[in-house]
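Inspection log for the structure reproduced underneath, given as structure tokens.
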Amino acid sequence: MSWDPQRYLNFAGPRLRPALDLLARVDLEAPESVVDLGCGPGNVTTYLRQRWPQANILGLDNSPEMLATARASMPEIRWHNADASTWISDTPLSLIYSNAALHWVSDHAQLFPRLLTQLRPGGVLAVQMPRNFGRKTHTLVRQAAAKAGVTQQLQHLYRPPPTHTPETYYDILAPHCRRLDIWETDYLQVLRGENPVAEWTGGSWLRPFVAALAAEDRPGFVAAYRQLIAEAYPRRSDGSTLLPYLRLFIVATRA
């Protein structure tokens with residue numbers, strides 16, 4: 001299952017806003033070492049470099065395609081292929097920043113405390129993750145699979161929502177933190193184009209479902225999903241399409 005960096009970056013503007021909202025809440029003046037965990041194509045890493053030009057910045061991702069795009073755009077930054085679920089830093093860090101990545105990793109009750117241990121005292125873990133898995137962008141996958149006759153092939157991918165309530169993350173992190181800030185924002189994203197919501201999810205959430213299908217089954221499933229999404233998110237009179245998108249933010253300062 002590979003990533004298409006260009007398709008992901010087609011919605012760089014709406015995807016960037018929560019990343020910058022998270023960055024604005026990180027209260028560090030001059031961190032020595034910064035890791036962008038799940039850096040993707042590096043478009044957000046650029047803003048980390050702009051804010052802290054003297055910091056030692058490392059971009060980590062497990063997608064060779066995303067890392068190739070990041071290296072091409074910013075060869076001066078170090079980029080490494082790493083799995084967020086098992087990665088361990090060699091030295092204590094000032095900041096671990098992760099934008100729209102950790103919802104791909106399971107067992108947050110173990111993951112988040114382990115990430116905190118990679119920080120020096122007073123270091124910050126800053127995380128943004130989507131929390132819209134109960135909305136039609138995601139739930140219509142099952143209906144599309146039924147319409148396309150591929151429910152059995154995709155059964156193993158259906159799972160509970162990967163992100164939890166803010167209260168759950170408070171209970172996970174509070175015992176280890178000097179300060180903990182958790183909030184949610186429900187963005188109303190204004191998209192343009194032909195069936196843009198299907199294009200949005202097609203570059204992210206829908207990928208593993210398509211990848212799990214045989215080549216001959218993919219067009220029917222994608223067509224069924226796109227039809228359902230177009231009906232659920234109709235174009236407005238001005239030509240735009242509205243996509244409500246709930247995101248969870250965490251800024252945790254290690255004790």
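Residues in the structure tokens are named by chain (A, B, ... in the order shown) and by number from 1 within that chain; ligands are numbered from 1 in the order shown.
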*So which residues touch Glu194 (chain A) within 9 Å, counting only C-alpha atoms, skipping near sequence neighbours fewer than 4 positions away, as a VMD selection string?*
chain A and resid 198 to 199 235
*Could you give me, as a list in words, the residues within 10 Å of Ser240 (chain A), counting only C-alpha atoms and dropping anything in the same chain fewer than 2 positions from it?*
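These residues fall inside the cut-off: Gln189, Val190, Leu191, Arg192, Gly193, Glu194, Asn195, Pro196, Pro234, Arg235, Arg236, Ser237, Asp238, Leu242 and Leu243 of chain A.
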Selection to disk with C-alpha atoms, as a compact mmCIF listing (two decimals), in the first residue's frame:
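Result written to result-v1.txt:
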# COMPACT_ATOMS: atom_id res chain seq x y z
CA GLN A 189 -13.77 22.83 4.83
CA VAL A 190 -14.87 24.45 1.58
CA LEU A 191 -13.72 22.26 -1.32
CA ARG A 192 -13.84 22.77 -5.08
CA GLY A 193 -13.82 20.41 -8.00
CA GLU A 194 -15.63 17.32 -9.20
CA ASN A 195 -16.67 15.19 -6.20
CA PRO A 196 -13.89 16.69 -4.06
CA PRO A 234 -23.74 17.58 -2.66
CA ARG A 235 -22.34 20.57 -4.47
CA ARG A 236 -23.70 23.91 -3.25
CA SER A 237 -25.28 26.53 -5.47
CA ASP A 238 -21.96 28.41 -5.70
CA LEU A 242 -18.70 21.50 2.30
CA LEU A 243 -16.81 18.90 4.33
Region 94-178 of chain A residues near region 205-220 of chain A within 10 Å, closest pair each, using only C-alpha atoms, as a tab-separated table:
residue	atom	partner	partner_atom	distance
A:Trp104	CA	A:Trp205	CA	9.5
A:Phe133	CA	A:Trp205	CA	9.7
A:Thr137	CA	A:Trp205	CA	8.7
A:His138	CA	A:Trp205	CA	7.6
A:Val141	CA	A:Leu206	CA	7.9
A:Ala144	CA	A:Gly220	CA	8.9
A:Ala145	CA	A:Gly220	CA	8.9
A:Lys147	CA	A:Gly220	CA	8.5
A:Ala148	CA	A:Gly220	CA	5.5
A:Gly149	CA	A:Asp217	CA	8.7
A:Val150	CA	A:Asp217	CA	7.5
A:Gln153	CA	A:Leu213	CA	6.7
A:Leu154	CA	A:Phe209	CA	6.5
A:Gln155	CA	A:Phe209	CA	9.7
A:His156	CA	A:Ala212	CA	9.5
A:Leu157	CA	A:Phe209	CA	7.2
A:Tyr158	CA	A:Phe209	CA	9.4
Those residues you just picked out, can you put them in a file as a JSON list (two decimals), in the first residue's frame with C-alpha atoms?
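This is the output file part.json:
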[["chain", "number", "residue", "atom", "x", "y", "z"],
["A", 104, "TRP", "CA", -2.67, 5.07, 11.53],
["A", 133, "PHE", "CA", -14.50, 8.22, 11.74],
["A", 137, "THR", "CA", -16.76, 9.88, 4.58],
["A", 138, "HIS", "CA", -15.80, 6.74, 6.50],
["A", 141, "VAL", "CA", -17.09, 2.47, 2.81],
["A", 144, "ALA", "CA", -19.91, 0.89, -1.15],
["A", 145, "ALA", "CA", -18.36, -2.53, -0.55],
["A", 147, "LYS", "CA", -22.91, -2.41, -3.61],
["A", 148, "ALA", "CA", -19.74, -3.58, -5.36],
["A", 149, "GLY", "CA", -19.99, -7.11, -3.96],
["A", 150, "VAL", "CA", -16.62, -6.98, -2.15],
["A", 153, "GLN", "CA", -12.61, -9.01, 0.78],
["A", 154, "LEU", "CA", -12.62, -5.91, 2.97],
["A", 155, "GLN", "CA", -13.99, -7.44, 6.17],
["A", 156, "HIS", "CA", -10.54, -7.63, 7.81],
["A", 157, "LEU", "CA", -10.07, -3.86, 7.49],
["A", 158, "TYR", "CA", -13.16, -2.85, 9.46]]
*For Pro18 (chain A), the nearest of the candidates A:Leu116, A:Asn99, A:Leu173, A:Ala30, counting only C-alpha atoms*: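 With only C-alpha atoms as the atom set, the closest residue is A:Asn99.
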_What parts of region 1-181 of chain A does DSSP call strand (DSSP E or B)? I'd like the answer as number ranges by chain._
A: 33-37, 56-61, 78-81, 93-99, 119-130, 177-181
_Excluding Gln110 (chain A) and its own-chain neighbours fewer than 6 positions away, which residues fall within 12 Å of it when counting only C-alpha atoms? Please give them as JSON, numbers by chain._
{"A": [85, 86, 116, 117, 169, 172, 173]}
*Pick out the residues sitting within 9 Å of Leu28 (chain A), and hand them over as a PyMOL selection string; count only C-alpha atoms, and ignore anything fewer than 2 positions along from it in its own chain.*
chain A and resi 26+30-31+94-95+123-124
*For Pro244 (chain A), please output as number ranges by chain all residues within 7 Å (counting only C-alpha atoms; exclusion window: fewer than 6 positions along the same chain).*
A: 186-189
